[in-house]
Every structure is written in C-alpha cells, then in structure tokens.
$ cat protein-v3.cif   # mmCIF, C-alpha atoms
data_input
loop_
_atom_site.label_atom_id
_atom_site.label_comp_id
_atom_site.auth_asym_id
_atom_site.auth_seq_id
_atom_site.Cartn_x
_atom_site.Cartn_y
_atom_site.Cartn_z
CA MET A 1 -3.26 329.10 82.07
CA THR A 2 -3.95 326.22 84.45
CA GLY A 3 -5.33 326.43 87.96
CA ASN A 4 -1.94 325.44 89.28
CA ASP A 5 -0.33 328.31 87.36
CA ARG A 6 -2.76 330.80 88.84
CA ASN A 7 -2.28 329.40 92.34
CA HIS A 8 1.46 329.79 91.92
CA ARG A 9 0.93 333.37 90.74
CA MET A 10 -1.22 334.17 93.79
CA LYS A 11 1.35 332.82 96.22
CA ARG A 12 4.12 334.63 94.34
CA LYS A 13 2.33 337.98 94.55
CA VAL A 14 1.54 337.76 98.27
CA LEU A 15 4.68 336.14 99.58
CA LEU A 16 7.57 337.21 97.37
CA THR A 17 7.43 340.81 98.51
CA LEU A 18 7.99 339.55 102.05
CA THR A 19 11.09 337.61 100.97
CA ALA A 20 12.47 340.04 98.40
CA LEU A 21 15.00 341.55 100.79
CA LEU A 22 16.40 338.07 101.40
CA LEU A 23 17.12 337.81 97.66
CA VAL A 24 19.02 341.09 97.46
CA PRO A 25 22.40 339.47 98.26
CA LEU A 26 21.84 337.17 95.27
CA ALA A 27 21.19 340.18 93.04
CA LYS A 28 24.30 341.90 94.35
CA LEU A 29 26.38 339.18 92.76
CA TYR A 30 25.59 340.97 89.51
CA ALA A 31 26.10 344.50 90.84
CA ALA A 32 29.87 344.80 90.64
CA ASP A 33 29.83 346.08 87.06
CA ALA A 34 26.37 347.62 87.18
CA PRO A 35 25.99 351.14 85.78
CA GLU A 36 26.11 353.80 88.43
CA ARG A 37 22.75 354.53 89.95
CA TRP A 38 21.74 357.79 91.57
CA ALA A 39 23.27 358.43 94.95
CA ALA A 40 20.75 358.16 97.78
CA GLU A 41 21.12 361.91 98.34
CA LYS A 42 20.14 362.68 94.73
CA ALA A 43 17.19 360.30 94.89
CA ASN A 44 15.96 361.89 98.12
CA GLU A 45 16.38 365.41 96.73
CA TRP A 46 14.33 364.46 93.67
CA TYR A 47 11.63 362.83 95.80
CA ALA A 48 11.40 365.73 98.24
CA VAL A 49 10.13 368.13 95.58
CA GLN A 50 7.48 365.71 94.27
CA PRO A 51 3.90 365.84 95.48
CA TRP A 52 2.48 362.72 97.07
CA ILE A 53 2.36 360.45 94.02
CA VAL A 54 -0.84 358.38 94.02
CA GLY A 55 -2.51 356.48 91.23
CA CYS A 56 -3.21 353.13 89.66
CA ASN A 57 -1.88 350.55 87.26
CA PHE A 58 -3.78 351.39 84.10
CA LEU A 59 -5.01 349.43 81.13
CA PRO A 60 -8.13 350.59 79.28
CA SER A 61 -11.08 348.30 79.87
CA THR A 62 -11.11 347.43 76.15
CA ALA A 63 -7.62 345.86 76.21
CA VAL A 64 -6.89 342.28 77.25
CA ASN A 65 -3.14 342.92 77.61
CA ASP A 66 -0.48 345.50 76.79
CA VAL A 67 -0.11 344.32 73.19
CA GLU A 68 -3.79 344.97 72.56
CA MET A 69 -3.49 348.32 74.33
CA TRP A 70 -0.70 349.61 72.06
CA ARG A 71 -1.11 347.98 68.63
CA ALA A 72 -2.53 350.37 66.03
CA GLU A 73 -5.65 348.34 65.30
CA THR A 74 -6.84 348.30 68.92
CA PHE A 75 -5.39 351.46 70.46
CA ASP A 76 -8.51 353.04 71.99
CA ALA A 77 -7.88 356.73 72.60
CA ALA A 78 -11.54 357.46 73.34
CA THR A 79 -11.70 354.91 76.15
CA ILE A 80 -8.32 356.00 77.48
CA ARG A 81 -9.47 359.62 77.53
CA ARG A 82 -12.71 358.75 79.36
CA GLU A 83 -11.13 356.44 81.91
CA LEU A 84 -8.19 358.71 82.71
CA GLY A 85 -10.80 361.38 83.37
CA TRP A 86 -12.29 359.07 85.97
CA ALA A 87 -8.82 358.54 87.44
CA HIS A 88 -8.45 362.31 87.75
CA ASP A 89 -11.83 362.51 89.49
CA LEU A 90 -10.54 360.06 92.10
CA GLY A 91 -7.62 362.38 92.81
CA PHE A 92 -5.02 360.27 91.05
CA ASN A 93 -2.02 362.16 89.68
CA THR A 94 -0.17 359.23 88.10
CA VAL A 95 -0.69 355.95 86.26
CA ARG A 96 1.66 353.02 85.74
CA VAL A 97 1.45 351.51 82.25
CA PHE A 98 2.99 348.45 80.61
CA LEU A 99 4.55 348.71 77.15
CA ASN A 100 5.49 345.64 75.14
CA TYR A 101 8.64 345.12 73.11
CA VAL A 102 6.90 343.23 70.30
CA VAL A 103 4.74 346.24 69.43
CA TRP A 104 7.85 348.42 69.14
CA GLU A 105 9.61 345.72 67.09
CA ALA A 106 6.73 345.55 64.62
CA ASP A 107 5.84 349.25 64.50
CA THR A 108 8.50 351.42 66.12
CA SER A 109 7.29 354.87 65.10
CA GLY A 110 3.68 353.86 65.62
CA LEU A 111 4.22 352.78 69.22
CA LYS A 112 6.13 355.97 70.01
CA ASN A 113 3.42 358.12 68.44
CA ARG A 114 0.68 356.33 70.36
CA PHE A 115 2.64 356.56 73.60
CA ASP A 116 3.08 360.29 73.00
CA GLN A 117 -0.66 360.55 72.42
CA PHE A 118 -1.26 358.68 75.67
CA LEU A 119 1.04 361.09 77.53
CA THR A 120 -0.87 364.03 76.08
CA ILE A 121 -4.22 362.61 77.17
CA ALA A 122 -2.88 361.92 80.66
CA ASP A 123 -1.26 365.34 80.94
CA LYS A 124 -4.57 367.06 80.21
CA GLN A 125 -5.91 365.31 83.32
CA GLY A 126 -2.93 366.32 85.46
CA ILE A 127 -1.62 362.75 85.38
CA ARG A 128 2.02 361.74 84.96
CA VAL A 129 3.05 358.32 83.71
CA MET A 130 5.40 355.57 84.90
CA PRO A 131 6.12 353.34 81.86
CA ILE A 132 7.28 349.73 82.14
CA LEU A 133 9.47 348.31 79.37
CA PHE A 134 9.94 344.64 80.31
CA ASP A 135 7.87 342.16 82.33
CA ASP A 136 8.32 338.52 83.35
CA CYS A 137 4.69 337.76 84.26
CA PHE A 138 2.33 335.15 82.83
CA LYS A 139 2.30 333.87 79.21
CA PRO A 140 5.89 333.33 78.07
CA GLU A 141 5.86 334.58 74.46
CA PRO A 142 4.11 337.77 73.33
CA ARG A 143 3.05 338.17 69.70
CA VAL A 144 1.66 340.97 67.58
CA GLY A 145 -1.62 340.58 65.76
CA LYS A 146 -5.07 339.90 67.15
CA GLN A 147 -4.90 338.81 70.76
CA ASP A 148 -6.85 335.88 72.19
CA GLU A 149 -10.16 336.60 73.87
CA PRO A 150 -10.27 336.53 77.68
CA VAL A 151 -11.25 333.22 79.24
CA PRO A 152 -14.58 333.91 81.00
CA GLY A 153 -14.17 334.26 84.75
CA VAL A 154 -10.38 333.89 84.74
CA HIS A 155 -8.09 336.57 86.18
CA ASN A 156 -5.80 338.18 83.58
CA SER A 157 -6.05 335.17 81.30
CA GLN A 158 -4.20 336.68 78.30
CA TRP A 159 -1.42 338.68 79.98
CA VAL A 160 1.91 338.27 78.17
CA ARG A 161 5.55 338.92 79.01
CA SER A 162 7.89 341.45 77.43
CA PRO A 163 10.16 340.69 75.63
CA GLY A 164 9.31 337.05 76.32
CA VAL A 165 11.31 334.07 77.54
CA ARG A 166 13.03 333.34 74.21
CA ARG A 167 14.20 336.89 73.56
CA ALA A 168 15.29 337.43 77.15
CA ALA A 169 17.46 334.32 77.11
CA ASP A 170 19.02 334.73 73.64
CA GLN A 171 21.77 337.32 74.06
CA THR A 172 22.49 337.32 70.33
CA GLY A 173 19.22 339.20 69.98
CA TRP A 174 19.91 341.73 72.71
CA PRO A 175 21.08 344.47 70.31
CA MET A 176 17.42 344.89 69.34
CA LEU A 177 16.38 345.02 73.00
CA GLU A 178 19.06 347.66 73.53
CA LYS A 179 17.66 349.70 70.65
CA TYR A 180 14.19 349.45 72.17
CA VAL A 181 15.32 350.64 75.61
CA LYS A 182 17.46 353.45 74.22
CA ASP A 183 14.77 354.53 71.77
CA MET A 184 12.00 354.76 74.38
CA VAL A 185 14.06 356.21 77.23
CA GLY A 186 16.06 358.38 74.86
CA THR A 187 12.92 359.83 73.30
CA PHE A 188 10.97 360.43 76.51
CA GLY A 189 13.77 360.67 79.08
CA GLN A 190 13.48 364.45 79.42
CA ASP A 191 9.70 364.54 79.12
CA ARG A 192 8.05 366.06 82.21
CA ARG A 193 4.97 363.89 81.57
CA VAL A 194 7.02 360.79 82.54
CA VAL A 195 7.57 360.65 86.30
CA ILE A 196 9.65 357.45 86.76
CA TRP A 197 10.86 354.62 84.51
CA ASP A 198 9.94 351.17 85.83
CA LEU A 199 12.31 349.27 83.58
CA TYR A 200 11.48 345.66 84.44
CA ASN A 201 8.40 344.35 86.21
CA GLU A 202 8.87 341.39 88.54
CA PRO A 203 12.03 340.00 86.94
CA ALA A 204 12.85 336.35 87.48
CA THR A 205 16.25 335.50 88.89
CA THR A 206 17.24 334.12 85.49
CA SER A 207 16.58 337.58 84.02
CA LEU A 208 19.12 339.40 86.18
CA PRO A 209 21.70 339.73 83.37
CA LEU A 210 19.05 341.39 81.20
CA VAL A 211 17.96 343.57 84.12
CA GLU A 212 21.52 344.81 84.57
CA ALA A 213 21.90 345.42 80.83
CA THR A 214 18.58 347.27 80.71
CA PHE A 215 19.63 349.67 83.46
CA ARG A 216 22.95 350.26 81.70
CA TRP A 217 21.26 350.96 78.36
CA ALA A 218 18.72 353.31 79.95
CA ARG A 219 21.36 355.25 81.89
CA GLU A 220 23.41 355.77 78.74
CA THR A 221 20.58 358.00 77.45
CA ASN A 222 20.85 360.29 80.52
CA PRO A 223 17.17 360.49 81.49
CA ASP A 224 16.00 363.16 83.92
CA GLN A 225 13.70 360.71 85.67
CA PRO A 226 14.79 358.08 88.19
CA LEU A 227 15.01 354.46 87.10
CA ALA A 228 13.48 351.63 89.11
CA SER A 229 12.59 347.96 89.09
CA CYS A 230 11.16 345.74 91.79
CA TRP A 231 12.29 342.82 93.90
CA ILE A 232 15.73 341.40 93.06
CA ALA A 233 16.65 344.38 90.89
CA GLU A 234 16.94 346.64 93.96
CA PRO A 235 20.75 347.10 93.69
CA PHE A 236 20.28 348.83 90.32
CA SER A 237 17.31 351.03 91.23
CA ASP A 238 17.36 354.70 92.18
CA LEU A 239 14.22 354.15 94.27
CA ILE A 240 13.09 351.15 96.33
CA ASN A 241 10.18 349.74 94.35
CA LEU A 242 7.93 347.35 96.29
CA HIS A 243 4.93 345.21 95.44
CA HIS A 244 2.67 344.21 98.31
CA TYR A 245 -0.81 342.72 98.32
CA GLY A 246 -1.09 341.78 101.99
CA MET A 247 -2.41 343.20 105.25
CA LEU A 248 -1.26 346.55 106.60
CA ASP A 249 0.88 345.03 109.37
CA GLY A 250 2.86 343.06 106.81
CA LEU A 251 3.25 346.11 104.60
CA LYS A 252 4.57 348.15 107.50
CA LYS A 253 7.23 345.51 108.21
CA VAL A 254 8.37 345.44 104.59
CA VAL A 255 8.50 349.24 104.44
CA ALA A 256 10.46 349.39 107.69
CA GLY A 257 13.04 347.01 106.24
CA ALA A 258 13.22 348.95 102.99
CA MET A 259 13.81 352.22 104.86
CA LYS A 260 17.25 350.94 105.90
CA SER A 261 18.37 351.65 102.33
CA GLY A 262 18.04 355.39 102.91
CA ARG A 263 16.27 355.75 99.58
CA PRO A 264 12.72 356.83 98.70
CA ILE A 265 10.17 354.03 98.75
CA ILE A 266 7.45 353.52 96.19
CA VAL A 267 4.84 350.74 96.10
CA SER A 268 4.02 350.25 92.44
CA GLU A 269 1.55 347.40 92.96
CA TRP A 270 -0.91 346.96 95.83
CA MET A 271 -4.64 346.60 96.64
CA ALA A 272 -6.29 343.22 96.65
CA ARG A 273 -9.44 343.29 98.73
CA THR A 274 -9.59 339.52 99.18
CA THR A 275 -6.12 339.41 100.79
CA GLY A 276 -6.68 342.36 103.11
CA SER A 277 -5.03 345.10 101.04
CA ARG A 278 -7.67 347.84 101.00
CA PHE A 279 -7.98 351.56 100.37
CA GLU A 280 -9.45 352.40 103.76
CA THR A 281 -6.55 350.77 105.63
CA HIS A 282 -3.54 351.30 103.35
CA LEU A 283 -4.07 354.61 101.57
CA PRO A 284 -3.84 356.71 104.79
CA PHE A 285 -0.54 354.96 105.63
CA PHE A 286 0.87 355.74 102.19
CA LYS A 287 -0.17 359.38 102.42
CA GLU A 288 1.08 359.89 105.98
CA ASN A 289 4.48 358.51 105.01
CA LYS A 290 4.52 360.08 101.53
CA ILE A 291 4.97 356.71 99.87
CA ALA A 292 4.11 356.81 96.18
CA CYS A 293 1.58 354.10 95.38
CA TRP A 294 -0.24 352.58 92.42
CA ASN A 295 -3.11 350.19 93.15
CA TRP A 296 -3.81 347.46 90.62
CA GLY A 297 -6.55 348.39 88.23
CA LEU A 298 -9.05 351.14 87.56
CA VAL A 299 -11.94 349.89 85.39
CA ALA A 300 -12.95 346.23 85.34
CA GLY A 301 -12.61 345.09 81.75
CA ARG A 302 -11.06 342.51 79.47
CA THR A 303 -8.23 341.68 81.89
CA GLN A 304 -10.89 340.56 84.41
CA THR A 305 -8.66 341.39 87.36
CA HIS A 306 -11.71 341.97 89.54
CA PHE A 307 -11.73 338.17 89.71
CA PRO A 308 -9.26 336.64 92.22
CA TRP A 309 -5.92 335.17 91.14
CA ASN A 310 -7.15 331.57 91.40
CA SER A 311 -10.52 332.08 89.72
CA GLN A 312 -11.82 329.27 87.56
CA GLN A 313 -13.29 329.37 84.06
CA ASN A 314 -16.91 330.60 83.96
CA ALA A 315 -16.80 331.75 87.57
CA PRO A 316 -19.58 334.22 88.45
CA GLU A 317 -18.66 337.81 89.25
CA PRO A 318 -17.23 337.77 92.78
CA GLU A 319 -19.23 339.42 95.55
CA VAL A 320 -16.02 341.16 96.64
CA TRP A 321 -13.86 342.34 93.77
CA HIS A 322 -10.18 341.42 93.98
CA HIS A 323 -8.75 344.44 92.06
CA ASP A 324 -10.23 347.40 90.12
CA ILE A 325 -12.45 350.25 91.29
CA LEU A 326 -15.04 351.11 88.64
CA ARG A 327 -17.40 349.38 86.25
CA LYS A 328 -17.27 350.13 82.52
CA ASP A 329 -19.90 352.86 82.88
CA GLY A 330 -17.82 354.58 85.56
CA THR A 331 -19.98 353.59 88.51
CA PRO A 332 -18.04 352.36 91.57
CA PHE A 333 -17.88 348.79 92.76
CA ASN A 334 -18.21 350.33 96.23
CA GLU A 335 -19.54 353.88 96.64
CA ARG A 336 -18.10 354.39 100.11
CA GLU A 337 -14.69 353.13 98.99
CA VAL A 338 -14.59 355.71 96.20
CA ALA A 339 -15.65 358.42 98.66
CA THR A 340 -12.78 357.31 100.91
CA ILE A 341 -10.27 357.50 98.05
CA ARG A 342 -11.47 360.96 97.07
CA TYR A 343 -11.30 362.18 100.67
CA ILE A 344 -7.74 360.93 101.19
CA THR A 345 -6.54 362.37 97.87
CA GLY A 346 -8.16 365.72 98.68
CA MET A 347 -10.90 365.60 96.05
CA ARG A 348 -13.59 365.41 98.74
CA LYS A 349 -13.71 367.78 101.71
CA THR A 350 -15.55 365.58 104.20
CA PRO A 351 -14.96 361.93 105.12
CA PRO A 352 -17.60 359.43 104.05
CA PRO A 353 -20.20 358.64 106.69
CA VAL A 354 -19.49 355.64 108.89
CA PRO A 355 -21.90 352.75 108.18
CA GLN A 356 -24.34 351.92 110.97
CA THR A 357 -22.63 348.57 111.53
CA GLU A 358 -19.37 350.40 112.37
CA LYS A 359 -20.87 352.86 114.88
#

$ encode --input "protein-v3.cif" --output "structure tokens"
Amino acid sequence: MTGNDRNHRMKRKVLLTLTALLLVPLAKLYAADAPERWAAEKANEWYAVQPWIVGCNFLPSTAVNDVEMWRAETFDAATIRRELGWAHDLGFNTVRVFLNYVVWEADTSGLKNRFDQFLTIADKQGIRVMPILFDDCFKPEPRVGKQDEPVPGVHNSQWVRSPGVRRAADQTGWPMLEKYVKDMVGTFGQDRRVVIWDLYNEPATTSLPLVEATFRWARETNPDQPLASCWIAEPFSDLINLHHYGMLDGLKKVVAGAMKSGRPIIVSEWMARTTGSRFETHLPFFKENKIACWNWGLVAGRTQTHFPWNSQQNAPEPEVWHHDILRKDGTPFNEREVATIRYITGMRKTPPPVPQTEK
C-alpha cells in the first residue's frame, strides 16, 4: 500500500463520518425495495434491555488480517483465550470481529466450527460478539493460503476486503455470497452469544446493491439480533452505526444528528489518540448516553495499528500509540489510561489519581 493510499485512508476515516448523513439521500435511492427493517420502536425496545455495551474491535495479536485469524492453519485459540481474558479484565462485555468470505468459501464447516469455538471462548469471559461479514477496506482481493508478512512500521499493511472487489461487482457470483450470508446468519442468528450483526463494514457507494442484497438475505433467516451497517447503509440498518475517530465536540455533533432518526446509536469504531479520540474524554460520554462503543484494537500485534494511518515503512514505534491498548505480554501502553477504562466500566472502584501536571 502506498503512502498516498494510507493518506487517503486516514482522511476517509476522520472525515467521512462527518459527511455520512449527507450521503443518506443517495443510499435511499436504493431503499424502495429494501427488505423491511425493524421499526424504530422494536429497535428501541431491544436496546433498552441491553446493558451498556462496551468493548473493542478484536483481532488476536498473532493475526495480520481476518483471513489469517480464521484459516485452520493459523487459528490461534490459545492467544484468543488469553487476550479475551484481558478484555474482560478491562470491563469489556463485547468484541467486534471481522470474518472473511474466502475462508468460508474454502472451508465452510471449518470456519463455522472455529467461529463457534471463538463464541465459546468469549462467552466464558462474559463477552458477546458482533460479527462482520463483508468489508470494503484496503487490499482489493482476499485470498486463502499463507498471508503476506506485515510491512515493518506500516499501519494494517495486509488488511484485505471481503468478499473483494471482483466478487462484489460480479452479480453472477452472488448466489455463493447469498449462501455465505444465509449460512452464517442462519446458523448463529438465534445464538445469545451474538449481540448484533454488522453485515458490511464501510461499504463503498458502488457496493450499495450488494449491501441491499446482504440485508435481504440476512433478514430471510429471521435472526433474533438486530442488523446493522455503517455510513451509507443507514436506510437498511436497525441501529444507527457510526464510525468516528475525531475530537469529542465533533462526535457530539454527529451523534446529535443521528439522534433525529429515533433509533439506538452505536459507535462501532472509535479511539485514535493522535486525532484526539481518547478514552478519558470519549468513554464517559458513551457511558452517560448509553451509546454502545467498540474502540479499535486491543493488543498491538501483526496488524500494527498502534502505528498511525500514514506511517512509513520501518518507522520506529510511535511515542503515542494510534490504536490498541496493551502490549503482547498484557502490559498497558499507558497505565493510567487502563485504570481510567477499568474505572468507567466498573472494574475499578476508585478513579485513577490525577497526575501532578494536571493538579
């Protein structure tokens, strides 16, 4: 991935959430024949009985992308078990995880068995899961087999899309995508360990026909859980699903606009220290307003998302991490930050002491 690609990604992450509501009328062009979503009243009734949902986007530190996470040869249950234990210790009760179509295509029963194993591990830690089926971010074509090694110093250098540009555009191949959606949602759609389905992460405008089809396929399986997707897929979603990596004032404005929908609001991606999205400022706002939230990253690993979006090859470890919370041995990047998280989630009874410089 070139520096220009990463710069584009950084701008896209920070700014597109602020303009997403302007794109909703474009998405509504596709909504006339969309499958019926939950009424706002049903969505609010479901949300009212949930606890405050708080957690992280999760990938084990030993995986470079979601293909490596789920393929049989590199599925790392021991690391997943250890790191989800650390998530529990932070007070997290949910994780958001990316699946990848190509793993299902190559090994359908294997992926489902490993996902079930993942749900069991998470459940033992009191953690529910929000799976993602499709994703339009980064490298255009996923593939099974051994994944490329991370480029040293580069943020998320081997992340791949699902199902990929070619499969998303070729509607003659959509029957297989339909089988994938119906198989995963049909199998786990009444499973209490799954909290929400995030059907399509950051879809491009060109993917709107597939977004609509994906919601239709998923609804045909009658899942108990709500269905969601972010940005321009809002007209299909039971919940309003935001991504925001900016300052608290900007987040508050986006949330205020989203509240006009009358639907529950979740923020499935947030927290980038270098752009002003921090636990000490944002997490109290999410809790006070009972907004479900998943920060990006738990343990700094092969995705290297503790480096900033525009990091260059062989960059040294940044003084201030961009994403992620813990090192591979479980020690925090910032002790006081972890104490703050644990206090807000209720795992710590007293607030962390204020540093001398803040007194």

$ resolve_selection --input "protein-v3.cif" --expression "the PyMOL selection byres ((chain A and resi 162-172) around 6)" --output "MDAnalysis selection string"
chainID A and resid 100:101 134:135 140:141 161 173:174

$ resolve_selection --input "protein-v3.cif" --expression "the PyMOL selection byres ((chain A and resi 318) around 10)" --output "ChimeraX atom specification"
/A:153,306-308,311,315-317,319-322

$ resolve_selection --input "protein-v3.cif" --expression "the PyMOL selection byres ((chain A and resi 145) around 9)" --output "list of chain:residue names"
A:Val67, A:Glu68, A:Arg71, A:Glu73, A:Arg143, A:Val144, A:Lys146, A:Gln147

$ closest_atom_pairs --input "protein-v3.cif" --of "region 63-168 of chain A" --to "region 223-242 of chain A" --cutoff "12 Å" --atoms "all atoms listed in the file" --output "CSV"
residue,atom,partner,partner_atom,distance
A:Arg128,CA,A:Gln225,CA,11.7
A:Val129,CA,A:Gln225,CA,11.1
A:Met130,CA,A:Gln225,CA,9.8
A:Pro131,CA,A:Leu227,CA,10.4
A:Ile132,CA,A:Ser229,CA,8.9
A:Leu133,CA,A:Ser229,CA,10.2
A:Phe134,CA,A:Ser229,CA,9.8
A:Asp135,CA,A:Ser229,CA,10.1
A:Asp136,CA,A:Cys230,CA,11.5

$ atom_distance --input "protein-v3.cif" --atom1 "CA of Ile121 (chain A)" --atom2 "CA of Phe58 (chain A)"
13.2 Å

$ atom_distance --input "protein-v3.cif" --atom1 "CA of Gly126 (chain A)" --atom2 "CA of Glu335 (chain A)"
23.6 Å

$ residues_near_point --input "protein-v3.cif" --point "(-3.0, 358.0, 76.9)" --cutoff "10 Å" --atoms "all atoms listed in the file" --output "PDB file with C-alpha atoms, in the coordinates of the input"
ATOM      1  CA  PHE A  58      -3.780 351.390  84.100  1.00  0.00           C
ATOM      2  CA  LEU A  59      -5.010 349.430  81.130  1.00  0.00           C
ATOM      3  CA  PRO A  60      -8.130 350.590  79.280  1.00  0.00           C
ATOM      4  CA  TRP A  70      -0.700 349.610  72.060  1.00  0.00           C
ATOM      5  CA  PHE A  75      -5.390 351.460  70.460  1.00  0.00           C
ATOM      6  CA  ASP A  76      -8.510 353.040  71.990  1.00  0.00           C
ATOM      7  CA  ALA A  77      -7.880 356.730  72.600  1.00  0.00           C
ATOM      8  CA  ALA A  78     -11.540 357.460  73.340  1.00  0.00           C
ATOM      9  CA  THR A  79     -11.700 354.910  76.150  1.00  0.00           C
ATOM     10  CA  ILE A  80      -8.320 356.000  77.480  1.00  0.00           C
ATOM     11  CA  ARG A  81      -9.470 359.620  77.530  1.00  0.00           C
ATOM     12  CA  GLU A  83     -11.130 356.440  81.910  1.00  0.00           C
ATOM     13  CA  LEU A  84      -8.190 358.710  82.710  1.00  0.00           C
ATOM     14  CA  VAL A  95      -0.690 355.950  86.260  1.00  0.00           C
ATOM     15  CA  VAL A  97       1.450 351.510  82.250  1.00  0.00           C
ATOM     16  CA  ARG A 114       0.680 356.330  70.360  1.00  0.00           C
ATOM     17  CA  PHE A 115       2.640 356.560  73.600  1.00  0.00           C
ATOM     18  CA  ASP A 116       3.080 360.290  73.000  1.00  0.00           C
ATOM     19  CA  GLN A 117      -0.660 360.550  72.420  1.00  0.00           C
ATOM     20  CA  PHE A 118      -1.260 358.680  75.670  1.00  0.00           C
ATOM     21  CA  LEU A 119       1.040 361.090  77.530  1.00  0.00           C
ATOM     22  CA  THR A 120      -0.870 364.030  76.080  1.00  0.00           C
ATOM     23  CA  ILE A 121      -4.220 362.610  77.170  1.00  0.00           C
ATOM     24  CA  ALA A 122      -2.880 361.920  80.660  1.00  0.00           C
ATOM     25  CA  ASP A 123      -1.260 365.340  80.940  1.00  0.00           C
ATOM     26  CA  LYS A 124      -4.570 367.060  80.210  1.00  0.00           C
ATOM     27  CA  ILE A 127      -1.620 362.750  85.380  1.00  0.00           C
ATOM     28  CA  VAL A 129       3.050 358.320  83.710  1.00  0.00           C
TER      29      VAL A 129
END

$ closest_residue --input "protein-v3.cif" --among "A:Met176, A:Gln313, A:Leu208, A:Ala292" --to "Pro264 (chain A)" --atoms "all atoms listed in the file"
A:Ala292

$ residues_around --input "protein-v3.cif" --residues "Ala272 (chain A)" --least-positions-apart "5" --cutoff "8 Å" --atoms "only C-alpha atoms" --output "list of chain:residue names"
A:Tyr245, A:Gly246, A:Ser277, A:Arg278, A:Trp296, A:His322, A:His323

$ closest_residue --input "protein-v3.cif" --among "A:Trp309, A:Asn314, A:Asn57, A:Lys349" --to "His243 (chain A)" --atoms "all atoms listed in the file"
A:Asn57

$ closest_residue --input "protein-v3.cif" --among "A:Thr187, A:Gln312, A:Asn201, A:Thr281" --to "Asp249 (chain A)" --atoms "only C-alpha atoms"
A:Thr281
